Amino acid sequence: MTTARQALTAWLDHLANERRASPRTVRAYGDNVLAYLNFMERHRGETLSTADMGTITAAELRAYLAFRRDPGESGEDGLSPRSLSQSLSSIRAFHRYLDHRLGTPNAAIGLVRGPRIKVGAPRPVSEDQAHGLIAELSLDPDREDWEVARDEAVLTLLWGCGLRISEGLSLLRRDAPLADSLRITGKGGKTRIVPVLDIVRERIDTYLAALPFALGPDDPLFRAKRGGPLSPRHVQATMQTLRSRLGLSDRATPHALRHSFATHLLGAGADLRSIQDLLGHASLSTTQRYTQVDAAGLLAAYGKAHPRA
């Protein structure tokens, strides 16, 4: 008899090796489904087999979601609507695997609806704020010149090419000097081509000229203070420090630079389909969220400039 936990292990292996999901995605799916299995086994008082997974009712799943929303005296924090929705999405994906790969369908799972989530517009930083954040790096007395050059290169890359942090930090030494375009592998292993601005190329060249470490062709391009690969946490912490100095909100994150890339293009007249390709969005509906930002900026400018506003 195959247990549900054994099936979970096989599913996570399938996600990592066959679907090429990122380690972060695999970990999130695994945590969500493991919490679900723990609850169901406590609820039923027995170890669940894969056959048992086909008998879980909609009422039981709703009870689990209610528990995660308000765990009561368990000492755990309740999940937000967005986190609860992500948890339900993971559970549904696991049950689809049980159905398609192990022949254990469960139609009841499809009857459960997740919480309603208000999808907000992306929060970009303005062009002036982006310039200010990068310029502020040179005023840090605690960083060596090469570290300043590195951070300028990283932030300019994220802003100028619309990359996620993980995509920017995935560049290797052999990728530089940068060509006129970059082939980026994004979420789900999907590749896309993004153009490289002269300023991005110049900042990376400046960083490499100052870099005190010798790198092999397959070494990560961006290095930490002691020579190891630069971590996403460093980039996030750097932005946190910069926005504090400049009095910006906590929405001024590295990912906000990617949002700025999209809204600047939209404001300059680029079409949504082109922006979708440059950002690597799987769905056009995701890219369409940027029209809300552009419209909001237009109305704000109208309110300031129109004589009857």
# chains A, B, ... in the order shown; residues from 1 in each chain; ligands from 1
call {"tool": "select_by_dssp", "arguments": {"residues": "region 174-264 of chain A", "states": "strand (DSSP E or B)", "output": "CSV table (one decimal) with N, CA, C and O atoms, in the first residue's frame"}}
result
chain,number,residue,atom,x,y,z
A,181,SER,N,21.7,41.5,-26.6
A,181,SER,CA,20.5,40.9,-26.0
A,181,SER,C,21.0,39.7,-25.1
A,181,SER,O,22.1,39.2,-25.2
A,182,LEU,N,20.1,39.3,-24.1
A,182,LEU,CA,20.3,38.3,-23.2
A,182,LEU,C,19.3,37.2,-23.4
A,182,LEU,O,18.1,37.5,-23.5
A,183,ARG,N,19.7,35.9,-23.3
A,183,ARG,CA,18.7,34.8,-23.2
A,183,ARG,C,18.5,34.5,-21.8
A,183,ARG,O,19.5,34.0,-21.1
A,184,ILE,N,17.3,34.7,-21.3
A,184,ILE,CA,17.0,34.5,-19.9
A,184,ILE,C,16.1,33.3,-19.7
A,184,ILE,O,15.1,33.1,-20.4
A,185,THR,N,16.4,32.5,-18.7
A,185,THR,CA,15.6,31.3,-18.3
A,185,THR,C,14.8,31.7,-17.1
A,185,THR,O,15.4,32.0,-16.0
A,191,THR,N,12.3,30.3,-21.6
A,191,THR,CA,13.4,31.2,-22.0
A,191,THR,C,12.8,32.4,-22.8
A,191,THR,O,11.7,32.2,-23.4
A,192,ARG,N,13.5,33.5,-22.7
A,192,ARG,CA,13.1,34.7,-23.4
A,192,ARG,C,14.3,35.5,-23.8
A,192,ARG,O,15.3,35.3,-23.2
A,193,ILE,N,14.2,36.4,-24.8
A,193,ILE,CA,15.2,37.2,-25.2
A,193,ILE,C,14.9,38.7,-24.7
A,193,ILE,O,13.8,39.2,-25.0
A,194,VAL,N,15.8,39.3,-24.0
A,194,VAL,CA,15.6,40.7,-23.6
A,194,VAL,C,16.8,41.5,-24.1
A,194,VAL,O,17.9,41.1,-24.1
A,195,PRO,N,16.5,42.7,-24.6
A,195,PRO,CA,17.5,43.6,-25.1
A,195,PRO,C,18.3,44.2,-24.0
A,195,PRO,O,17.8,44.3,-22.8
A,220,PRO,N,29.2,32.1,-11.1
A,220,PRO,CA,28.2,33.2,-11.1
A,220,PRO,C,28.9,34.6,-11.3
A,220,PRO,O,30.0,34.8,-10.7
A,223,ARG,N,29.4,38.6,-7.3
A,223,ARG,CA,30.1,37.9,-6.1
A,223,ARG,C,29.9,38.7,-4.9
A,223,ARG,O,29.7,40.0,-4.9
A,229,PRO,N,29.0,33.4,-4.3
A,229,PRO,CA,28.0,34.0,-5.1
A,229,PRO,C,27.1,35.0,-4.4
A,229,PRO,O,26.8,34.8,-3.2
call {"tool": "closest_atom_pairs", "arguments": {"of": "region 155-197 of chain A", "to": "region 11-28 of chain A", "cutoff": "9 Å", "atoms": "only C-alpha atoms", "output": "tab-separated table"}}
result
residue	atom	partner	partner_atom	distance
A:Lys187	CA	A:Ser22	CA	7.4
A:Gly188	CA	A:Ala21	CA	5.6
A:Gly189	CA	A:Arg20	CA	6.4
call {"tool": "residues_around", "arguments": {"residues": "region 125-141 of chain A", "least_positions_apart": "4", "cutoff": "9 Å", "atoms": "only C-alpha atoms", "output": "ChimeraX atom specification"}}
result
/A:145,148-149,151-152,155-156,159,238-239,242-243,245-246,248,251-253,256-257,259-260,264
call {"tool": "select_by_dssp", "arguments": {"residues": "region 49-248 of chain A", "states": "alpha helix (DSSP H)", "output": "number ranges by chain"}}
result
A: 50-53, 58-69, 81-102, 127-136, 145-161, 165-168, 198-210, 232-246
call {"tool": "residues_around", "arguments": {"residues": "region 41-53 of chain A", "least_positions_apart": "6", "cutoff": "6 Å", "atoms": "only C-alpha atoms", "output": "CSV table (one decimal) with N, CA, C and O atoms, in the first residue's frame"}}
result
chain,number,residue,atom,x,y,z
A,2,THR,N,0.6,2.1,-1.0
A,2,THR,CA,1.3,3.4,-1.0
A,2,THR,C,0.7,4.4,-0.1
A,2,THR,O,-0.5,4.6,-0.2
A,3,THR,N,1.5,5.0,0.7
A,3,THR,CA,0.9,6.0,1.6
A,3,THR,C,0.8,7.4,0.9
A,3,THR,O,1.5,7.6,-0.1
A,4,ALA,N,0.0,8.3,1.4
A,4,ALA,CA,-0.1,9.6,0.9
A,4,ALA,C,1.2,10.4,1.0
A,4,ALA,O,1.6,11.1,0.1
call {"tool": "residues_around", "arguments": {"residues": "Ile199 (chain A)", "least_positions_apart": "5", "cutoff": "10 Å", "atoms": "only C-alpha atoms", "output": "ChimeraX atom specification"}}
result
/A:153,156-157,160,204-205
call {"tool": "closest_residue", "arguments": {"among": "A:Ala93, A:Ile56, A:Leu265, A:Met40", "to": "Gly162 (chain A)", "atoms": "only C-alpha atoms"}}
result
A:Leu265
call {"tool": "closest_residue", "arguments": {"among": "A:Ala66, A:Leu171, A:Ala35, A:Ile109", "to": "Gly54 (chain A)", "atoms": "only C-alpha atoms"}}
result
A:Ile109
call {"tool": "residues_around", "arguments": {"residues": "Ser85 (chain A)", "least_positions_apart": "4", "cutoff": "9 Å", "atoms": "only C-alpha atoms", "output": "VMD selection string"}}
result
chain A and resid 80 to 81 89 to 90 113 to 117
call {"tool": "atom_distance", "arguments": {"atom1": "CA of Leu34 (chain A)", "atom2": "CA of Gln236 (chain A)"}}
result
29.1 Å
call {"tool": "atom_distance", "arguments": {"atom1": "CA of Thr57 (chain A)", "atom2": "CA of Ala7 (chain A)"}}
result
19.0 Å
call {"tool": "residues_around", "arguments": {"residues": "Ala59 (chain A)", "least_positions_apart": "4", "cutoff": "9 Å", "atoms": "only C-alpha atoms", "output": "number ranges by chain"}}
result
A: 63-64, 108, 112
call {"tool": "write_last_selection", "arguments": {"atoms": "all heavy atoms", "output": "PDB file, in the first residue's frame"}}
result
ATOM      1  N   ALA A  63     -13.047  22.228   6.138  1.00  0.00           N
ATOM      2  CA  ALA A  63     -12.655  22.263   7.547  1.00  0.00           C
ATOM      3  C   ALA A  63     -11.165  22.549   7.683  1.00  0.00           C
ATOM      4  O   ALA A  63     -10.739  23.295   8.573  1.00  0.00           O
ATOM      5  CB  ALA A  63     -13.005  20.937   8.219  1.00  0.00           C
ATOM      6  N   TYR A  64     -10.382  21.963   6.786  1.00  0.00           N
ATOM      7  CA  TYR A  64      -8.931  22.234   6.819  1.00  0.00           C
ATOM      8  C   TYR A  64      -8.646  23.699   6.520  1.00  0.00           C
ATOM      9  O   TYR A  64      -7.844  24.336   7.214  1.00  0.00           O
ATOM     10  CB  TYR A  64      -8.216  21.351   5.800  1.00  0.00           C
ATOM     11  CG  TYR A  64      -6.779  21.765   5.595  1.00  0.00           C
ATOM     12  CD1 TYR A  64      -5.833  21.576   6.597  1.00  0.00           C
ATOM     13  CD2 TYR A  64      -6.379  22.399   4.413  1.00  0.00           C
ATOM     14  CE1 TYR A  64      -4.518  21.991   6.433  1.00  0.00           C
ATOM     15  CE2 TYR A  64      -5.072  22.818   4.240  1.00  0.00           C
ATOM     16  CZ  TYR A  64      -4.145  22.608   5.255  1.00  0.00           C
ATOM     17  OH  TYR A  64      -2.861  23.032   5.087  1.00  0.00           O
ATOM     18  N   ALA A 108     -14.573  15.691  -5.440  1.00  0.00           N
ATOM     19  CA  ALA A 108     -15.030  16.616  -4.398  1.00  0.00           C
ATOM     20  C   ALA A 108     -14.100  17.816  -4.247  1.00  0.00           C
ATOM     21  O   ALA A 108     -14.531  18.908  -3.854  1.00  0.00           O
ATOM     22  CB  ALA A 108     -15.153  15.885  -3.062  1.00  0.00           C
ATOM     23  N   VAL A 112     -14.646  22.878  -3.932  1.00  0.00           N
ATOM     24  CA  VAL A 112     -14.250  23.829  -2.885  1.00  0.00           C
ATOM     25  C   VAL A 112     -13.659  25.071  -3.524  1.00  0.00           C
ATOM     26  O   VAL A 112     -12.716  24.991  -4.313  1.00  0.00           O
ATOM     27  CB  VAL A 112     -13.234  23.191  -1.919  1.00  0.00           C
ATOM     28  CG1 VAL A 112     -12.808  24.187  -0.852  1.00  0.00           C
ATOM     29  CG2 VAL A 112     -13.846  21.943  -1.285  1.00  0.00           C
TER      30      VAL A 112
END
call {"tool": "atom_distance", "arguments": {"atom1": "CA of Lys225 (chain A)", "atom2": "CA of Arg173 (chain A)"}}
result
16.7 Å
